[in-house]
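Read the structure below first, then the notes.
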Amino acid sequence: MARRGATQTDFRKSTSTSYYALFHWLAQTCADMVVGSNSGTRSQRAWKRVYRRLEHRQAKNRCAELKGEPRGFPQPILRFAEQFVAHQEKRELADYDPDHASSKSEALTDVTLAAQAIAGMQRTHLKDRTAFAVWVLFPRPRA
């Protein structure tokens with residue numbers, strides 16, 4: 001959309017879609033890590049429930065917490081978390097601020113950064129992706 005687009009609507013939609021690519025990739029990863037990735041052996045009902053459990057605000061807040069305290073997560077996960085926060089903020093501007101203006105180059109950069117964040121996560125160890133899934137799905141325990 002960003003490549004072929006020529007209007008603010010095209011660029012804003014591209015920015016929004018970049019965020020949703022991150023969000024849905026993370027929702028799928030959470031469901032895969034918690035319930036299982038093999039559709040033949042997992043409970044589809046449980047998988048969908050975990051997929052739908054991911055909340056935008058909580059995921060953003062949990063990702064933002066890692067900026068000051070990386071909790072031992074590897075760099076690709078920390079970069080994903082950073083991009084998740086940044087893309088969610090950009091998506092809110094693109095979707096809800098009528099005065100927000102975006103350029104073609106910004107929209108293309110958003111697409112590239114989202115794709116790089118997902119690719120980096122795909123190369124991380126399964127145990128790290130599982131730990132991150134649990135991190136974003138569940139709030140901090142009460143003291």
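Residues in the structure tokens are numbered from 1 in each chain, the chains being A, B, ... in the order shown, and ligands are numbered from 1 in the order shown.
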DSSP-assigned helix (DSSP H, G or I) among chain A, expressed as a ChimeraX atom specification:
/A:8-34,44-53,56-68,75-96,104-122,126-137
So that I can check the surroundings of Tyr51 in chain A, please list as a PyMOL selection string every protein, DNA and RNA residue that reaches within 10 Å of it, counting only C-alpha atoms and ignoring chain neighbours fewer than 3 positions away.
chain A and resi 24-32+34-35+45-48+54-55+137
When you look at His87 in chain A with a cut-off of 8 Å (counting only C-alpha atoms), what residues show up, excluding the ones that are within fewer than 4 positions of it in the same chain? I need them as a list in words.
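The residues that qualify are Thr15, Ser16, Ser18, Tyr19, Gln83, Arg91, Asp110 and Ala114 of chain A.
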Any chance you can output those residues with C-alpha atoms as a PDB file, in the first residue's frame?
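And here is the file that came out, selection08.pdb:
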```pdb
ATOM      1  CA  THR A  15       1.171   2.660   9.067  1.00  0.00           C
ATOM      2  CA  SER A  16      -1.899   1.181  10.729  1.00  0.00           C
ATOM      3  CA  SER A  18       2.197  -2.299   9.931  1.00  0.00           C
ATOM      4  CA  TYR A  19       1.132  -2.200  13.575  1.00  0.00           C
ATOM      5  CA  GLN A  83       8.873  -1.554  17.592  1.00  0.00           C
ATOM      6  CA  ARG A  91      -1.098   3.644  14.522  1.00  0.00           C
ATOM      7  CA  ASP A 110       7.170   1.518   9.178  1.00  0.00           C
ATOM      8  CA  ALA A 114       7.780  -4.177  11.330  1.00  0.00           C
TER       9      ALA A 114
END
```
Counting only C-alpha atoms, what is within 10 Å of range 116-126 of chain A, bar same-chain residues fewer than 3 positions away, as a PDB file with N, CA and C atoms, in the first residue's frame?
```pdb
ATOM      1  N   ALA A  21       0.164  -5.947  11.725  1.00  0.00           N
ATOM      2  CA  ALA A  21       1.006  -7.097  11.376  1.00  0.00           C
ATOM      3  C   ALA A  21       1.784  -7.560  12.615  1.00  0.00           C
ATOM      4  N   LEU A  22       2.339  -6.604  13.361  1.00  0.00           N
ATOM      5  CA  LEU A  22       3.043  -6.947  14.596  1.00  0.00           C
ATOM      6  C   LEU A  22       2.090  -7.555  15.613  1.00  0.00           C
ATOM      7  N   TRP A  25       0.897 -11.069  14.561  1.00  0.00           N
ATOM      8  CA  TRP A  25       2.003 -12.011  14.655  1.00  0.00           C
ATOM      9  C   TRP A  25       2.221 -12.379  16.119  1.00  0.00           C
ATOM     10  N   LEU A  26       2.183 -11.380  17.003  1.00  0.00           N
ATOM     11  CA  LEU A  26       2.377 -11.631  18.431  1.00  0.00           C
ATOM     12  C   LEU A  26       1.234 -12.462  19.002  1.00  0.00           C
ATOM     13  N   THR A  29       1.822 -15.981  17.935  1.00  0.00           N
ATOM     14  CA  THR A  29       2.965 -16.529  18.665  1.00  0.00           C
ATOM     15  C   THR A  29       2.569 -16.885  20.090  1.00  0.00           C
ATOM     16  N   MET A  33       2.809 -20.601  21.492  1.00  0.00           N
ATOM     17  CA  MET A  33       3.710 -20.908  22.599  1.00  0.00           C
ATOM     18  C   MET A  33       2.963 -21.491  23.797  1.00  0.00           C
ATOM     19  N   PHE A  73      15.857 -10.832  28.231  1.00  0.00           N
ATOM     20  CA  PHE A  73      15.408 -11.174  26.881  1.00  0.00           C
ATOM     21  C   PHE A  73      16.505 -10.834  25.873  1.00  0.00           C
ATOM     22  N   PRO A  74      16.658 -11.642  24.834  1.00  0.00           N
ATOM     23  CA  PRO A  74      17.678 -11.356  23.815  1.00  0.00           C
ATOM     24  C   PRO A  74      17.304 -10.120  22.990  1.00  0.00           C
ATOM     25  N   GLN A  75      18.285  -9.563  22.315  1.00  0.00           N
ATOM     26  CA  GLN A  75      18.105  -8.325  21.547  1.00  0.00           C
ATOM     27  C   GLN A  75      16.956  -8.374  20.537  1.00  0.00           C
ATOM     28  N   PRO A  76      16.767  -9.452  19.779  1.00  0.00           N
ATOM     29  CA  PRO A  76      15.645  -9.438  18.836  1.00  0.00           C
ATOM     30  C   PRO A  76      14.284  -9.249  19.510  1.00  0.00           C
ATOM     31  N   ILE A  77      14.126  -9.799  20.699  1.00  0.00           N
ATOM     32  CA  ILE A  77      12.867  -9.615  21.422  1.00  0.00           C
ATOM     33  C   ILE A  77      12.756  -8.189  21.924  1.00  0.00           C
ATOM     34  N   LEU A  78      13.835  -7.635  22.403  1.00  0.00           N
ATOM     35  CA  LEU A  78      13.814  -6.242  22.866  1.00  0.00           C
ATOM     36  C   LEU A  78      13.530  -5.285  21.709  1.00  0.00           C
ATOM     37  N   ARG A  79      14.092  -5.576  20.532  1.00  0.00           N
ATOM     38  CA  ARG A  79      13.800  -4.742  19.351  1.00  0.00           C
ATOM     39  C   ARG A  79      12.332  -4.872  18.945  1.00  0.00           C
ATOM     40  N   PHE A  80      11.798  -6.102  18.989  1.00  0.00           N
ATOM     41  CA  PHE A  80      10.388  -6.302  18.679  1.00  0.00           C
ATOM     42  C   PHE A  80       9.526  -5.495  19.646  1.00  0.00           C
ATOM     43  N   ALA A  81       9.840  -5.584  20.933  1.00  0.00           N
ATOM     44  CA  ALA A  81       9.065  -4.859  21.947  1.00  0.00           C
ATOM     45  C   ALA A  81       9.113  -3.351  21.692  1.00  0.00           C
ATOM     46  N   GLU A  82      10.286  -2.853  21.354  1.00  0.00           N
ATOM     47  CA  GLU A  82      10.444  -1.426  21.058  1.00  0.00           C
ATOM     48  C   GLU A  82       9.609  -1.027  19.834  1.00  0.00           C
ATOM     49  N   GLN A  83       9.652  -1.845  18.804  1.00  0.00           N
ATOM     50  CA  GLN A  83       8.873  -1.554  17.592  1.00  0.00           C
ATOM     51  C   GLN A  83       7.376  -1.689  17.846  1.00  0.00           C
ATOM     52  N   PHE A  84       6.986  -2.626  18.682  1.00  0.00           N
ATOM     53  CA  PHE A  84       5.576  -2.789  19.009  1.00  0.00           C
ATOM     54  C   PHE A  84       5.032  -1.506  19.636  1.00  0.00           C
ATOM     55  N   ASP A 110       7.988   2.286   8.226  1.00  0.00           N
ATOM     56  CA  ASP A 110       7.170   1.518   9.178  1.00  0.00           C
ATOM     57  C   ASP A 110       7.024   0.070   8.731  1.00  0.00           C
ATOM     58  N   VAL A 111       6.754  -0.131   7.464  1.00  0.00           N
ATOM     59  CA  VAL A 111       6.610  -1.488   6.921  1.00  0.00           C
ATOM     60  C   VAL A 111       7.916  -2.264   7.090  1.00  0.00           C
ATOM     61  N   THR A 112       9.021  -1.643   6.744  1.00  0.00           N
ATOM     62  CA  THR A 112      10.328  -2.299   6.838  1.00  0.00           C
ATOM     63  C   THR A 112      10.673  -2.655   8.274  1.00  0.00           C
ATOM     64  N   LEU A 113      10.461  -1.726   9.198  1.00  0.00           N
ATOM     65  CA  LEU A 113      10.797  -1.980  10.604  1.00  0.00           C
ATOM     66  C   LEU A 113       9.928  -3.080  11.200  1.00  0.00           C
ATOM     67  N   ARG A 129      10.892 -17.039  23.032  1.00  0.00           N
ATOM     68  CA  ARG A 129       9.581 -16.622  22.514  1.00  0.00           C
ATOM     69  C   ARG A 129       8.471 -17.016  23.488  1.00  0.00           C
ATOM     70  N   THR A 130       8.611 -18.190  24.091  1.00  0.00           N
ATOM     71  CA  THR A 130       7.621 -18.627  25.077  1.00  0.00           C
ATOM     72  C   THR A 130       7.619 -17.690  26.282  1.00  0.00           C
ATOM     73  N   ALA A 131       8.790 -17.350  26.769  1.00  0.00           N
ATOM     74  CA  ALA A 131       8.887 -16.438  27.920  1.00  0.00           C
ATOM     75  C   ALA A 131       8.297 -15.076  27.572  1.00  0.00           C
ATOM     76  N   PHE A 132       8.534 -14.600  26.368  1.00  0.00           N
ATOM     77  CA  PHE A 132       7.979 -13.311  25.948  1.00  0.00           C
ATOM     78  C   PHE A 132       6.459 -13.383  25.833  1.00  0.00           C
TER      79      PHE A 132
END
```
Taking only C-alpha atoms into account, which of A:Thr41, A:Thr9, A:Ser102, A:Gln88 comes nearest Arg57 in chain A?
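With only C-alpha atoms as the atom set, the closest residue is A:Gln88.
As for CA of Arg62 in chain A and CA of Trp135 in chain A, they are spaced 7.0 Å apart.
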So, with only C-alpha atoms as the atoms that count, which of A:Asp99, A:Leu93, A:Val136, A:Arg49 lies closest to Phe23 in chain A?
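Looking at the shortest contact to Phe23 in chain A, the residue is A:Val136.
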